[in-house]
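The structure under discussion appears below in the form of C-alpha cells.
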Amino acid sequence: MTKLAIVVPCYNEQEVLPDTNKQLTELLNGLVDGGKVSEDSFILYVNDGSRDETWSIIDRFAHEYGAVQGLKLAGNVGHQNALLAGLMTVKDEVDAAISIDADLQDDIGVITEMVDKFEAGCDIVYGVRSVRKTDTFFKRFTAESFYKLMIFMGAKSIYNHADYRLMSSRALDGLSQFKERNLFLRGIVPTIGYRSDCVYYERKERKAGESKYPFGKMLSFAFDGITSFSIKPMSYIMGIGVFLILCAIVFAIYSFHSYLTENVVRGWTSIVLSLWFIGGLVLFSVGMVGQYIGKIYMEVKERPRYIVECRETGSGNV
Ligand code: UDP
Ligand code: MG
C-alpha cells in the first residue's frame with residue numbers, strides 16, 4: 001500500500017492552520033480507512049521561519065495527532081526552498097509525497113485521484129486549476145499572463161499548475177539531483193521525466209490570513225522563473241540587434257538616395273546611418289556575450305544530464 005506524505009510549507013499561517021489541519025487529518029484518516037494509503041502515512045508542516053504562532057501550533061498538533069509531524073527551518077527561506085526542505089526530508093521515507101499550500105486554496109478533494117493515478121503508474125501528478133472564478137480579475141490576469149510568458153520565454157512549465165502535485169519517491173530522487181540554488185520547482189519538475197498526468201480542480205479563495213505573494217513578489221518570482229530556465233531573452237536581444245542592422249541597411253539606401261536627389265541637411269546622412277548601425281551592432285554584441293554567459297550559467301547549475309528509469313538485462317527465465 002502507498003505510504004503517503006502531505007508536505008505543507010507554512011509562513012505566518014496561524015490563522016489558517018487549525019482549519020487546514022482539521023481538513024487534512026480528516027482526509028488522511030479517510031484515505032487510511034478506505035485502504036488507499038498505509039497507516040503510517042503522515043502530514044508534514046514545514047515552518048518557514050514564521051514570525052507568528054505558527055510553530056507552536058504545529059508543535060502542538062504534532063503532539064496531539066499521530067499522523068502530524070513538523071519541520072522547523074532556522075529562518076525564512078521562501079516558499080520554494082521550504083517546500084524542497086519538506087520534500088527532501090520525506091523522500092526516502094515514503095512512496096509518494098503531495099505538496100500543497102497551507103491555505104488550502106487548492107482543492108484537497110482531488111488527492112484521492114492523485115493517489116489513484118500514482119498507483120496506476122504515474123510518477124508525477126500535477127494539480128491544474130481548471131477555472132479561477134474566485135480569484136480577482138487582477139490575480140487571474142497576472143497569473144495567466146505569467147504562465148504564457150514563461151512558455152514564450154522557453155521555460156518548461158505546466159499551464160495553470162502551481163506547486164500542488166504528487167511526486168513518487170524516485171521522482172523526488174530525480175529532483176534532489178538538481179543542484180541549483182535558484183529554485184523554481186514548477187520548471188524543474190517537468191524536466192525530470194517519468195510518466196505524468198494531471199488532475200483538474202477549481203481554485204478556492206484564501207480563507208484567512210494574507211497572500212504571501214503580493215504583486216511585487218509575483219513579478220520577481222516570474223522573473224526568477226524565466227531567468228533560471230531559459231537564455232531565450234538573450235537570443236531575443238540578439239534578434240533585435242540583427243533587425244536594427246537590417247534597418248540600417250534599408251536606411252542606408254534611403255538616405256543615400258535622399259542625399260543624391262534632395263537637398264538634405266549636411267551631416268544628416270552620416271548621423272542617421274551610424275545611429276542605426278551602431279545601435280544594432282551594440283545590441284547584437286550584447287546578445288552574443290549573453291549567449292556565452294547563458295552557457296556558463298547552464299553549466300554551473302550542474303543539472304543531471306539524464307535520469308535512468310530502469311535497466312533491463314533480460315536475464316530472467318530462460
Ligand atoms: N510560504 C512560505 N514561505 C514564504 C512565503 C510563503 O512557506 O516565504 C508558503 C505559505 O505559507 C503558503 C504558500 O507558501 O503555504 C503559498 O503562499 P500564498 O498562499 O500566500 O500564495 P498565493 O496562493 O497567494 O499565490
Ligand atoms: Mg495561496
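By convention here, the chains of the C-alpha cells are called A, B, ... in the order presented, each chain's residues are numbered starting at 1, and ligands are numbered starting at 1 in the order presented.
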
Could you report the residues within 6 Å of ligand 2, using only C-alpha atoms and all ligand atoms, as a VMD selection string?
chain A and resid 103 105 206 211

Tell me which protein, DNA and RNA residues are within 9 Å of Ser168 of chain A, counting only C-alpha atoms, leaving out same-chain ones fewer than 3 positions away, and put them as a compact mmCIF listing (two decimals) with C-alpha atoms, in the first residue's frame.
```txt
# COMPACT_ATOMS: atom_id res chain seq x y z
CA LYS A 91 11.88 11.45 0.12
CA VAL A 94 7.56 7.40 1.70
CA ASP A 95 6.34 6.06 -1.64
CA ALA A 96 4.87 9.37 -2.69
CA ALA A 97 4.58 12.93 -1.40
CA ILE A 98 1.98 15.58 -2.15
CA PHE A 118 0.15 7.20 -8.77
CA CYS A 122 2.34 7.84 -12.79
CA ASP A 123 5.39 9.26 -11.04
CA ILE A 124 4.24 12.85 -11.14
CA VAL A 125 0.64 14.04 -10.93
CA ALA A 171 10.83 11.43 -8.91
CA LEU A 172 11.88 13.18 -5.68
CA ASP A 173 15.20 11.46 -6.01
```

Which protein, DNA or RNA residues have an atom within 8 Å of ligand 1, counting only C-alpha atoms and all ligand atoms, as a CSV table (one decimal) with N, CA, C and O atoms, in the first residue's frame?
```csv
chain,number,residue,atom,x,y,z
A,8,VAL,N,3.4,20.5,3.7
A,8,VAL,CA,2.8,21.8,3.7
A,8,VAL,C,3.7,22.9,4.1
A,8,VAL,O,4.0,23.0,5.3
A,9,PRO,N,4.2,23.8,3.3
A,9,PRO,CA,5.0,24.9,3.7
A,9,PRO,C,4.2,26.0,4.4
A,9,PRO,O,3.1,26.3,3.9
A,10,CYS,N,4.6,26.5,5.5
A,10,CYS,CA,3.8,27.5,6.3
A,10,CYS,C,4.7,28.7,6.7
A,10,CYS,O,5.7,28.5,7.3
A,11,TYR,N,4.2,29.8,6.3
A,11,TYR,CA,4.9,31.1,6.7
A,11,TYR,C,3.8,32.0,7.2
A,11,TYR,O,2.9,32.4,6.5
A,12,ASN,N,3.9,32.3,8.5
A,12,ASN,CA,2.9,33.1,9.2
A,12,ASN,C,1.5,32.7,8.9
A,12,ASN,O,0.6,33.4,8.4
A,13,GLU,N,1.2,31.4,9.1
A,13,GLU,CA,-0.1,30.9,8.8
A,13,GLU,C,-1.0,30.6,10.0
A,13,GLU,O,-1.8,29.7,9.9
A,46,VAL,N,6.0,22.4,7.3
A,46,VAL,CA,7.3,23.0,7.3
A,46,VAL,C,7.2,24.4,7.8
A,46,VAL,O,6.5,25.2,7.0
A,47,ASN,N,7.7,24.8,8.9
A,47,ASN,CA,7.6,26.2,9.3
A,47,ASN,C,8.8,26.9,8.7
A,47,ASN,O,10.0,26.7,9.0
A,48,ASP,N,8.4,27.9,7.8
A,48,ASP,CA,9.5,28.6,7.1
A,48,ASP,C,9.8,29.9,7.9
A,48,ASP,O,9.6,31.0,7.4
A,49,GLY,N,10.4,29.8,9.1
A,49,GLY,CA,10.8,30.9,9.8
A,49,GLY,C,9.7,31.9,10.1
A,49,GLY,O,9.9,33.1,10.0
A,76,ASN,N,13.6,32.2,7.5
A,76,ASN,CA,12.7,32.2,6.4
A,76,ASN,C,13.5,32.1,5.1
A,76,ASN,O,14.4,32.9,4.8
A,77,VAL,N,13.2,31.0,4.4
A,77,VAL,CA,14.0,30.8,3.1
A,77,VAL,C,13.1,30.9,1.9
A,77,VAL,O,13.6,30.7,0.8
A,78,GLY,N,11.8,31.2,2.1
A,78,GLY,CA,11.0,31.3,0.9
A,78,GLY,C,10.2,30.0,0.6
A,78,GLY,O,10.7,28.9,0.9
A,79,HIS,N,9.1,30.2,0.0
A,79,HIS,CA,8.2,29.1,-0.3
A,79,HIS,C,8.9,27.9,-1.0
A,79,HIS,O,8.8,26.8,-0.6
A,80,GLN,N,9.6,28.2,-2.1
A,80,GLN,CA,10.2,27.1,-2.9
A,80,GLN,C,11.2,26.3,-2.1
A,80,GLN,O,11.3,25.1,-2.1
A,81,ASN,N,12.1,27.0,-1.3
A,81,ASN,CA,13.1,26.3,-0.5
A,81,ASN,C,12.5,25.5,0.6
A,81,ASN,O,12.9,24.4,1.0
A,82,ALA,N,11.4,26.1,1.2
A,82,ALA,CA,10.7,25.5,2.3
A,82,ALA,C,10.1,24.2,1.9
A,82,ALA,O,10.2,23.1,2.5
A,83,LEU,N,9.5,24.3,0.7
A,83,LEU,CA,8.9,23.1,0.1
A,83,LEU,C,9.9,22.0,-0.2
A,83,LEU,O,9.7,20.8,0.1
A,100,ILE,N,1.3,20.9,-0.9
A,100,ILE,CA,0.1,21.7,-1.0
A,100,ILE,C,0.3,23.0,-0.1
A,100,ILE,O,1.0,22.9,0.9
A,101,ASP,N,-0.2,24.1,-0.6
A,101,ASP,CA,-0.1,25.3,0.2
A,101,ASP,C,-1.0,25.3,1.5
A,101,ASP,O,-2.0,24.6,1.5
A,102,ALA,N,-0.5,26.0,2.5
A,102,ALA,CA,-1.2,25.9,3.8
A,102,ALA,C,-2.6,26.5,3.8
A,102,ALA,O,-3.5,26.1,4.6
A,103,ASP,N,-2.9,27.4,2.8
A,103,ASP,CA,-4.2,28.0,2.8
A,103,ASP,C,-5.3,27.1,2.2
A,103,ASP,O,-6.5,27.5,2.2
A,105,GLN,N,-6.1,26.6,-0.8
A,105,GLN,CA,-6.8,27.2,-1.9
A,105,GLN,C,-7.0,26.1,-3.0
A,105,GLN,O,-7.8,26.3,-3.9
A,206,ARG,N,-8.6,32.2,-0.5
A,206,ARG,CA,-7.9,32.1,0.7
A,206,ARG,C,-8.8,32.4,1.8
A,206,ARG,O,-9.5,33.5,1.8
A,210,GLU,N,-3.2,36.5,4.9
A,210,GLU,CA,-3.0,37.2,3.7
A,210,GLU,C,-2.1,36.4,2.7
A,210,GLU,O,-1.4,35.5,3.1
A,211,SER,N,-2.3,36.8,1.4
A,211,SER,CA,-1.4,36.2,0.4
A,211,SER,C,0.0,36.6,0.7
A,211,SER,O,0.3,37.7,0.9
A,212,LYS,N,0.9,35.6,0.6
A,212,LYS,CA,2.3,35.9,0.8
A,212,LYS,C,3.0,36.2,-0.6
A,212,LYS,O,4.2,36.4,-0.7
A,213,TYR,N,2.1,36.3,-1.6
A,213,TYR,CA,2.6,36.7,-2.9
A,213,TYR,C,2.0,37.9,-3.4
A,213,TYR,O,1.2,37.8,-4.3
A,214,PRO,N,2.3,39.1,-2.9
A,214,PRO,CA,1.7,40.3,-3.4
A,214,PRO,C,2.3,40.5,-4.8
A,214,PRO,O,3.3,39.8,-5.2
A,218,MET,N,5.3,38.5,-6.9
A,218,MET,CA,4.9,37.7,-8.0
A,218,MET,C,5.8,38.0,-9.2
A,218,MET,O,6.2,37.1,-10.0
```

Atom CA of Phe284 of chain A to atom CA of Ile237 of chain A, straight-line distance in Å
7.0 Å

Which residues come within 12 Å of Val128 of chain A, counting only C-alpha atoms, excluding same-chain residues fewer than 4 positions away, as JSON, numbers by chain?
{"A": [106, 107, 110, 114, 132, 157, 158, 159, 160, 161, 162, 163, 164, 165, 166, 186, 197, 198, 199, 200, 201, 202, 203]}

Using atom CA of Leu175 of chain A and atom CA of Val189 of chain A as the two end points, give the distance in Å to one decimal.
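Distance reported for this atom pair: 6.9 Å.
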
Which parts of segment 111-224 of chain A does DSSP call helix (DSSP H, G or I) when run on the backbone here, written out as a JSON list (two decimals) with C-alpha atoms, in the first residue's frame?
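The resulting part-v3.json:
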```json
[["chain", "number", "residue", "atom", "x", "y", "z"],
["A", 111, "ILE", "CA", -5.88, 13.98, -3.56],
["A", 112, "THR", "CA", -7.64, 10.61, -3.87],
["A", 113, "GLU", "CA", -7.47, 10.96, -7.64],
["A", 114, "MET", "CA", -3.76, 11.79, -7.40],
["A", 115, "VAL", "CA", -3.09, 8.65, -5.38],
["A", 116, "ASP", "CA", -5.12, 6.60, -7.88],
["A", 117, "LYS", "CA", -3.01, 7.92, -10.74],
["A", 118, "PHE", "CA", 0.15, 7.20, -8.77],
["A", 119, "GLU", "CA", -0.99, 3.64, -8.25],
["A", 137, "PHE", "CA", -9.61, 39.63, -12.20],
["A", 138, "PHE", "CA", -6.21, 41.14, -11.44],
["A", 139, "LYS", "CA", -4.77, 37.99, -9.85],
["A", 140, "ARG", "CA", -6.17, 35.82, -12.62],
["A", 141, "PHE", "CA", -4.90, 38.10, -15.37],
["A", 142, "THR", "CA", -1.40, 38.46, -13.90],
["A", 143, "ALA", "CA", -1.13, 34.77, -13.09],
["A", 144, "GLU", "CA", -2.28, 33.62, -16.51],
["A", 145, "SER", "CA", -0.05, 36.12, -18.30],
["A", 146, "PHE", "CA", 2.77, 34.75, -16.18],
["A", 147, "TYR", "CA", 2.24, 31.19, -17.45],
["A", 148, "LYS", "CA", 2.01, 32.41, -21.04],
["A", 149, "LEU", "CA", 5.15, 34.50, -20.70],
["A", 150, "MET", "CA", 7.00, 31.55, -19.19],
["A", 151, "ILE", "CA", 6.14, 29.40, -22.16],
["A", 152, "PHE", "CA", 7.04, 32.16, -24.63],
["A", 169, "SER", "CA", 9.92, 8.82, -4.24],
["A", 170, "ARG", "CA", 12.04, 8.18, -7.33],
["A", 171, "ALA", "CA", 10.83, 11.43, -8.91],
["A", 172, "LEU", "CA", 11.88, 13.18, -5.68],
["A", 173, "ASP", "CA", 15.20, 11.46, -6.01],
["A", 174, "GLY", "CA", 15.48, 12.92, -9.51],
["A", 175, "LEU", "CA", 14.61, 16.33, -8.07],
["A", 176, "SER", "CA", 17.37, 16.01, -5.50],
["A", 185, "LEU", "CA", 10.15, 23.93, -8.79],
["A", 186, "ARG", "CA", 7.38, 24.14, -11.36],
["A", 187, "GLY", "CA", 10.02, 24.49, -14.03],
["A", 188, "ILE", "CA", 12.31, 21.76, -12.75],
["A", 189, "VAL", "CA", 9.70, 19.08, -12.14],
["A", 190, "PRO", "CA", 8.61, 18.71, -15.80],
["A", 191, "THR", "CA", 12.27, 18.31, -16.83],
["A", 192, "ILE", "CA", 12.71, 15.28, -14.54],
["A", 215, "PHE", "CA", 2.20, 41.73, -6.91],
["A", 216, "GLY", "CA", 5.83, 42.74, -6.45],
["A", 217, "LYS", "CA", 6.84, 39.31, -5.16],
["A", 218, "MET", "CA", 4.92, 37.68, -8.01],
["A", 219, "LEU", "CA", 6.83, 39.78, -10.54],
["A", 220, "SER", "CA", 10.17, 38.82, -9.10],
["A", 221, "PHE", "CA", 9.03, 35.19, -8.95],
["A", 222, "ALA", "CA", 8.16, 35.32, -12.65],
["A", 223, "PHE", "CA", 11.48, 36.95, -13.42],
["A", 224, "ASP", "CA", 13.29, 34.24, -11.45]]
```

How far is it from atom CA of Gln14 of chain A to atom CA of Ile57 of chain A, in Å with one decimal?
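Atom-to-atom, atom CA of Gln14 of chain A and atom CA of Ile57 of chain A are spaced 7.3 Å apart.
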
As a VMD selection string, list the residues of segment 116-239 of chain A assigned to strand (DSSP E or B) by DSSP on the backbone atoms of this structure.
chain A and resid 124 to 131 161 to 168 196 to 202

For Asn21 of chain A, please output as a VMD selection string all residues within 9 Å (counting only C-alpha atoms; exclusion window: fewer than 2 positions along the same chain).
chain A and resid 16 to 19 23 to 26 43 61 68 102
